[in-house]
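Right, one structure below, let's go through it.
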Amino acid sequence: MLNRILLSLATGLYCTTFFLSNNWYIYPTVQNIFLVVLGTIICSLVILFTAFVIIVASNFISRKFNKKIDLNNWTDLAVVAVSLSLNAILLRNSFVALNLSPEIIIPFIVVFVIFARSKIKNAELKKLSILFLVLTVVSISGLVLGISRANNPILDWTTQNKKDNDQIRFTKKPNVYFIITESYPNKEALGKIYSFDNRPFYENLEERKFTLHHNYFSNYNHTLASLPSLFGMEHHYYSINIGNFDSIGGRSMLESNTYNPVVDIFRQNNYEIQYMFSVDSLLPRGASVDYFSPVAPAYLALETFLSHQDTTKKSIFATRKINFMKTLADRFSKNAANGTPTFSFIYTSRPHHSPSRIKSRNRIEINKILETFRQGYDEKIQKANTHLLEMVDLIHKYDNDPLIIIAGDHGSWGYRIREDGDGKVIPDSLYALDRFGILMAIRFPEDYKRQFDNDFKTHVNLFRYVFAYLSNSNEILENKVQDDSYDYGPQLAISNGKILSKYIPLEFKKKQN
């Protein structure tokens, strides 16, 4: 019995520490501890419950049919089977955005067959337990290595203009509302990729005094590469990437735990800073700002660990209901009452992108899933439009002359594997449009003279123009960087706000400069 308990604990420890070693930087310490403790207990209980069921069933069969059964062997065989099954299932699901191939299950099947062909002895159970404990140590080593890597100074790309940023003083202080709408494509992308005419929405925005910038792009192709560049007002060329579509330094900067140029400039001009998101998974650790919502529950890491990470299938957990609009209304009402200028970073997960974790290696099947996504995207856009207009009208209810920015964070990934529904390779220009072409709509206060209307091209310089308007000075524009967009490699996909016909590897571009 002792060896069964040891195996059950070793199984749980390995699965949870493997998850932790790949995701530790996403969640706060409390959530990580919660994950390891409860995750290990859950795995152990599943294995031990299986052993209990086998024992009860075996005793029943022995009494009912007067047939002697090798109770210990069948029980131990079941324990091994469940242990290996948990590893095969949880290791494949645990790493968010990881698309492990089905072959991961093969070693577990081989081990199980070897065990099943002979009687299992305590020594064999102990050996399997030791194997999982050794793998646990390997996972913990990876965790320590990852933490030490994150603690080392990364490329100091956000602070190079800090002295100039510190001198920026606003001559006007309207409330600023920065709304990120997840993966919302620009006009051209909606037309070419989804055959969708979005004119009614654009007209609704124009009636609310927004200016649409249709030829606008993100600089990077996923949220935690795009937003750090936007808030940092600099290019990082994916130097902050750590895998899992996450970033070293980028997440911490968004949380305002390290220097965040945009947030810092607002702060030094006596703005209150508030973050309000429609989901609790964007910054689960929260942020060092005046107000943050929603606070992620302690079990979020455990939930992700146990959930099915194939986003085309329903998770075993129901989505939590977050009363996002009520939070916005309450905050806007309080802001209007206290009269302090406020910078609001608002994130909504609509309309969202194509499934990022399709666990299939069959390109035909993947293309079918993506084709279904593209065909149904008009409904997602229309729901997002309604949602965004509700937010804008809510802002105007409490604020007569605000500065409102509505932008996608990156493209919608309709052609995730660079093929159309028939498997035909799409050109680089269309692929770049799909990954970087995003909605940009700005509503400036009444005194804006439209002097920057032709300059908005990409995220990296967005707030330079906003600060030039607020400070009534163009000095910050002297530090503008190139309005380029980079795909993995990195490869240059968009140059000075114009889509290239062919990607250019960054090394090649450097040689030409």
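Every chain in the structure tokens has a letter given in the order shown (A, B, ...), and although residue numbers restart at 1 in each chain, ligands are simply numbered from 1 in the order shown.
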Worksheet entry | Non-local contacts of segment 384-387 of chain A (12 Å; only C-alpha atoms; under 4 positions in same chain excluded) as a PyMOL selection string | chain A and resi 179-185+198-205+278+324-325+347-352+377-380+391-394+406+408+439
Item to complete: Find the residues around Phe196 of chain A up to 10 Å (only C-alpha atoms counted), leave out those fewer than 4 positions away in its own chain, and share them as an MDAnalysis selection string.
Response: chainID A and resid 187:192 375 377:378 381
What parts of segment 180-394 of chain A does DSSP call strand (DSSP E)? I'd like the answer as a PDB file with N, CA, C and O atoms, in the first residue's frame.
```pdb
ATOM      1  N   ILE A 180      -8.596  48.142 -25.724  1.00  0.00           N
ATOM      2  CA  ILE A 180      -8.037  47.091 -26.580  1.00  0.00           C
ATOM      3  C   ILE A 180      -9.124  46.049 -26.812  1.00  0.00           C
ATOM      4  O   ILE A 180      -9.672  45.480 -25.869  1.00  0.00           O
ATOM      5  N   THR A 181      -9.440  45.832 -28.075  1.00  0.00           N
ATOM      6  CA  THR A 181     -10.431  44.826 -28.448  1.00  0.00           C
ATOM      7  C   THR A 181      -9.690  43.677 -29.121  1.00  0.00           C
ATOM      8  O   THR A 181      -9.040  43.871 -30.153  1.00  0.00           O
ATOM      9  N   THR A 211     -12.374  59.183 -35.514  1.00  0.00           N
ATOM     10  CA  THR A 211     -11.707  59.123 -36.811  1.00  0.00           C
ATOM     11  C   THR A 211     -11.169  57.714 -36.991  1.00  0.00           C
ATOM     12  O   THR A 211     -10.476  57.189 -36.102  1.00  0.00           O
ATOM     13  N   LEU A 212     -11.482  57.074 -38.112  1.00  0.00           N
ATOM     14  CA  LEU A 212     -11.023  55.718 -38.408  1.00  0.00           C
ATOM     15  C   LEU A 212      -9.710  55.779 -39.177  1.00  0.00           C
ATOM     16  O   LEU A 212      -9.582  56.545 -40.140  1.00  0.00           O
ATOM     17  N   ASN A 241      10.583  37.346 -25.747  1.00  0.00           N
ATOM     18  CA  ASN A 241       9.821  36.098 -25.828  1.00  0.00           C
ATOM     19  C   ASN A 241      10.410  35.001 -24.953  1.00  0.00           C
ATOM     20  O   ASN A 241      11.615  34.817 -24.895  1.00  0.00           O
ATOM     21  N   ILE A 242       9.534  34.260 -24.297  1.00  0.00           N
ATOM     22  CA  ILE A 242       9.958  33.134 -23.464  1.00  0.00           C
ATOM     23  C   ILE A 242       9.241  31.855 -23.887  1.00  0.00           C
ATOM     24  O   ILE A 242       9.352  30.830 -23.271  1.00  0.00           O
ATOM     25  N   GLY A 243       8.494  31.915 -24.968  1.00  0.00           N
ATOM     26  CA  GLY A 243       7.667  30.765 -25.345  1.00  0.00           C
ATOM     27  C   GLY A 243       6.282  30.922 -24.767  1.00  0.00           C
ATOM     28  O   GLY A 243       5.995  31.862 -24.026  1.00  0.00           O
ATOM     29  N   ASP A 246       4.350  34.234 -24.401  1.00  0.00           N
ATOM     30  CA  ASP A 246       4.506  35.093 -23.246  1.00  0.00           C
ATOM     31  C   ASP A 246       5.803  35.852 -23.374  1.00  0.00           C
ATOM     32  O   ASP A 246       6.455  35.818 -24.408  1.00  0.00           O
ATOM     33  N   SER A 247       6.182  36.577 -22.334  1.00  0.00           N
ATOM     34  CA  SER A 247       7.384  37.381 -22.467  1.00  0.00           C
ATOM     35  C   SER A 247       8.076  37.584 -21.134  1.00  0.00           C
ATOM     36  O   SER A 247       7.439  37.698 -20.093  1.00  0.00           O
ATOM     37  N   GLU A 272      -4.784  59.289 -12.393  1.00  0.00           N
ATOM     38  CA  GLU A 272      -5.025  57.992 -11.769  1.00  0.00           C
ATOM     39  C   GLU A 272      -5.019  56.935 -12.873  1.00  0.00           C
ATOM     40  O   GLU A 272      -5.465  57.192 -13.994  1.00  0.00           O
ATOM     41  N   ILE A 273      -4.506  55.760 -12.532  1.00  0.00           N
ATOM     42  CA  ILE A 273      -4.394  54.681 -13.513  1.00  0.00           C
ATOM     43  C   ILE A 273      -5.320  53.552 -13.127  1.00  0.00           C
ATOM     44  O   ILE A 273      -5.276  53.063 -11.989  1.00  0.00           O
ATOM     45  N   GLN A 274      -6.165  53.127 -14.056  1.00  0.00           N
ATOM     46  CA  GLN A 274      -7.047  51.998 -13.761  1.00  0.00           C
ATOM     47  C   GLN A 274      -7.062  51.030 -14.940  1.00  0.00           C
ATOM     48  O   GLN A 274      -7.095  51.426 -16.097  1.00  0.00           O
ATOM     49  N   TYR A 275      -6.977  49.739 -14.587  1.00  0.00           N
ATOM     50  CA  TYR A 275      -7.053  48.655 -15.565  1.00  0.00           C
ATOM     51  C   TYR A 275      -8.372  47.925 -15.332  1.00  0.00           C
ATOM     52  O   TYR A 275      -8.664  47.500 -14.213  1.00  0.00           O
ATOM     53  N   MET A 276      -9.134  47.738 -16.404  1.00  0.00           N
ATOM     54  CA  MET A 276     -10.387  46.997 -16.293  1.00  0.00           C
ATOM     55  C   MET A 276     -10.496  46.041 -17.477  1.00  0.00           C
ATOM     56  O   MET A 276     -10.569  46.467 -18.625  1.00  0.00           O
ATOM     57  N   PHE A 277     -10.490  44.744 -17.168  1.00  0.00           N
ATOM     58  CA  PHE A 277     -10.487  43.712 -18.202  1.00  0.00           C
ATOM     59  C   PHE A 277     -11.763  42.884 -18.128  1.00  0.00           C
ATOM     60  O   PHE A 277     -12.357  42.732 -17.062  1.00  0.00           O
ATOM     61  N   TYR A 291      -6.336  51.124  -9.612  1.00  0.00           N
ATOM     62  CA  TYR A 291      -7.475  50.199  -9.563  1.00  0.00           C
ATOM     63  C   TYR A 291      -7.248  49.116 -10.604  1.00  0.00           C
ATOM     64  O   TYR A 291      -6.847  49.392 -11.746  1.00  0.00           O
ATOM     65  N   PHE A 292      -7.525  47.873 -10.219  1.00  0.00           N
ATOM     66  CA  PHE A 292      -7.374  46.735 -11.133  1.00  0.00           C
ATOM     67  C   PHE A 292      -8.563  45.800 -10.972  1.00  0.00           C
ATOM     68  O   PHE A 292      -8.959  45.465  -9.853  1.00  0.00           O
ATOM     69  N   SER A 293      -9.112  45.370 -12.117  1.00  0.00           N
ATOM     70  CA  SER A 293     -10.242  44.427 -12.091  1.00  0.00           C
ATOM     71  C   SER A 293     -10.234  43.606 -13.388  1.00  0.00           C
ATOM     72  O   SER A 293      -9.922  44.137 -14.463  1.00  0.00           O
ATOM     73  N   THR A 342      -8.064  60.621 -15.371  1.00  0.00           N
ATOM     74  CA  THR A 342      -7.857  59.175 -15.279  1.00  0.00           C
ATOM     75  C   THR A 342      -7.436  58.600 -16.626  1.00  0.00           C
ATOM     76  O   THR A 342      -7.985  58.970 -17.666  1.00  0.00           O
ATOM     77  N   PHE A 343      -6.459  57.694 -16.569  1.00  0.00           N
ATOM     78  CA  PHE A 343      -6.108  56.879 -17.738  1.00  0.00           C
ATOM     79  C   PHE A 343      -6.669  55.490 -17.496  1.00  0.00           C
ATOM     80  O   PHE A 343      -6.303  54.814 -16.537  1.00  0.00           O
ATOM     81  N   SER A 344      -7.563  55.068 -18.377  1.00  0.00           N
ATOM     82  CA  SER A 344      -8.215  53.766 -18.238  1.00  0.00           C
ATOM     83  C   SER A 344      -7.740  52.839 -19.351  1.00  0.00           C
ATOM     84  O   SER A 344      -7.925  53.130 -20.535  1.00  0.00           O
ATOM     85  N   PHE A 345      -7.120  51.742 -18.952  1.00  0.00           N
ATOM     86  CA  PHE A 345      -6.759  50.678 -19.893  1.00  0.00           C
ATOM     87  C   PHE A 345      -7.845  49.622 -19.793  1.00  0.00           C
ATOM     88  O   PHE A 345      -7.994  48.953 -18.774  1.00  0.00           O
ATOM     89  N   ILE A 346      -8.614  49.495 -20.856  1.00  0.00           N
ATOM     90  CA  ILE A 346      -9.772  48.607 -20.884  1.00  0.00           C
ATOM     91  C   ILE A 346      -9.528  47.518 -21.919  1.00  0.00           C
ATOM     92  O   ILE A 346      -9.160  47.806 -23.060  1.00  0.00           O
ATOM     93  N   TYR A 347      -9.718  46.284 -21.508  1.00  0.00           N
ATOM     94  CA  TYR A 347      -9.496  45.161 -22.424  1.00  0.00           C
ATOM     95  C   TYR A 347     -10.755  44.320 -22.521  1.00  0.00           C
ATOM     96  O   TYR A 347     -11.337  43.915 -21.518  1.00  0.00           O
ATOM     97  N   THR A 348     -11.184  44.071 -23.764  1.00  0.00           N
ATOM     98  CA  THR A 348     -12.301  43.161 -23.994  1.00  0.00           C
ATOM     99  C   THR A 348     -11.836  42.028 -24.895  1.00  0.00           C
ATOM    100  O   THR A 348     -11.109  42.251 -25.868  1.00  0.00           O
TER     101      THR A 348
END
```
Discussion item. Would you pick out the contacts of Val36 of chain A at 10 Å or less, using only C-alpha atoms, so that residues sharing its chain but fewer than 5 positions from it are not included, and give the list as a ChimeraX atom specification?
Written reply: /A:12-20,31,41-42,301-302
Selection file, C-alpha atoms, as an mmCIF file, in the first residue's frame:
```
data_model
loop_
_atom_site.group_PDB
_atom_site.id
_atom_site.type_symbol
_atom_site.label_atom_id
_atom_site.label_comp_id
_atom_site.auth_asym_id
_atom_site.auth_seq_id
_atom_site.Cartn_x
_atom_site.Cartn_y
_atom_site.Cartn_z
ATOM 1 C CA GLY A 12 0.869 14.324 -9.038
ATOM 2 C CA LEU A 13 4.141 16.065 -8.208
ATOM 3 C CA TYR A 14 5.589 15.460 -11.642
ATOM 4 C CA CYS A 15 2.498 16.629 -13.533
ATOM 5 C CA THR A 16 2.104 19.800 -11.480
ATOM 6 C CA THR A 17 5.788 20.747 -11.401
ATOM 7 C CA PHE A 18 6.003 20.213 -15.161
ATOM 8 C CA PHE A 19 3.133 22.669 -15.599
ATOM 9 C CA LEU A 20 4.709 25.057 -13.114
ATOM 10 C CA GLN A 31 -1.787 30.394 -7.288
ATOM 11 C CA ILE A 41 -3.776 15.769 -4.031
ATOM 12 C CA ILE A 42 -6.274 15.450 -6.900
ATOM 13 C CA ALA A 301 -3.580 28.021 -12.376
ATOM 14 C CA LEU A 302 -5.162 24.762 -11.199
#
```
Worksheet item: DSSP on the backbone: what in segment 400-485 of chain A comes out helix (DSSP H, G or I), as an NGL selection string?
Response: :A and (428-436 or 459-471 or 475-479)
Print the selection's residues with C-alpha atoms to a file, as a PDB file, in the first residue's frame.
```pdb
ATOM      1  CA  ASP A 428       3.082  36.862 -47.664  1.00  0.00           C
ATOM      2  CA  SER A 429       1.175  40.127 -48.059  1.00  0.00           C
ATOM      3  CA  LEU A 430      -2.179  38.525 -47.171  1.00  0.00           C
ATOM      4  CA  TYR A 431      -0.580  36.581 -44.335  1.00  0.00           C
ATOM      5  CA  ALA A 432       0.886  39.827 -42.926  1.00  0.00           C
ATOM      6  CA  LEU A 433      -2.464  41.582 -43.242  1.00  0.00           C
ATOM      7  CA  ASP A 434      -4.088  38.726 -41.336  1.00  0.00           C
ATOM      8  CA  ARG A 435      -1.556  38.870 -38.498  1.00  0.00           C
ATOM      9  CA  PHE A 436      -1.083  42.628 -38.167  1.00  0.00           C
ATOM     10  CA  HIS A 459       1.083  50.811 -32.150  1.00  0.00           C
ATOM     11  CA  VAL A 460       4.703  51.569 -31.334  1.00  0.00           C
ATOM     12  CA  ASN A 461       4.268  55.323 -31.975  1.00  0.00           C
ATOM     13  CA  LEU A 462       0.599  55.629 -30.996  1.00  0.00           C
ATOM     14  CA  PHE A 463       1.102  57.234 -27.594  1.00  0.00           C
ATOM     15  CA  ARG A 464       3.838  59.533 -28.873  1.00  0.00           C
ATOM     16  CA  TYR A 465       1.140  61.346 -30.860  1.00  0.00           C
ATOM     17  CA  VAL A 466      -1.269  61.232 -27.930  1.00  0.00           C
ATOM     18  CA  PHE A 467       1.359  62.790 -25.652  1.00  0.00           C
ATOM     19  CA  ALA A 468       2.283  65.367 -28.299  1.00  0.00           C
ATOM     20  CA  TYR A 469      -1.359  66.457 -28.301  1.00  0.00           C
ATOM     21  CA  LEU A 470      -1.685  66.462 -24.495  1.00  0.00           C
ATOM     22  CA  SER A 471       1.572  68.380 -23.976  1.00  0.00           C
ATOM     23  CA  GLU A 475       9.370  67.102 -28.829  1.00  0.00           C
ATOM     24  CA  ILE A 476       8.432  63.491 -28.053  1.00  0.00           C
ATOM     25  CA  LEU A 477       8.034  62.872 -31.774  1.00  0.00           C
ATOM     26  CA  GLU A 478      11.791  63.342 -32.177  1.00  0.00           C
ATOM     27  CA  ASN A 479      12.173  59.870 -30.612  1.00  0.00           C
TER      28      ASN A 479
END
```
Fill in: Closest of A:Val79, A:Ile193, A:Val53, A:Leu9 to Arg374 of chain A - atom-to-atom distances counting only C-alpha atoms
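Once distances to Arg374 of chain A are computed over only C-alpha atoms, the minimum belongs to A:Ile193.
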Worksheet item: Taking into account only C-alpha atoms, which residue in the set A:Leu300, A:Val289, A:Ile438, A:Met253 is nearest to His353 of chain A?
Response: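 Of A:Leu300, A:Val289, A:Ile438, A:Met253, the one nearest His353 of chain A, counting only C-alpha atoms, is A:Ile438.
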Discussion item. As a PyMOL selection string, please: the residues near Glu419 of chain A (cut-off 12 Å, only C-alpha atoms, same-chain neighbours under 3 positions excluded).
Written reply: chain A and resi 193+363-364+366-368+370-371+413-416+422-428+430-431+434
Discussion item. I need the residue nearest Val279 of chain A from this list: A:Ala298, A:Val262, A:Ile322, A:Ala57. Use only C-alpha atoms for the distance.
Written reply: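 Selected residue with least distance to Val279 of chain A: A:Ile322.
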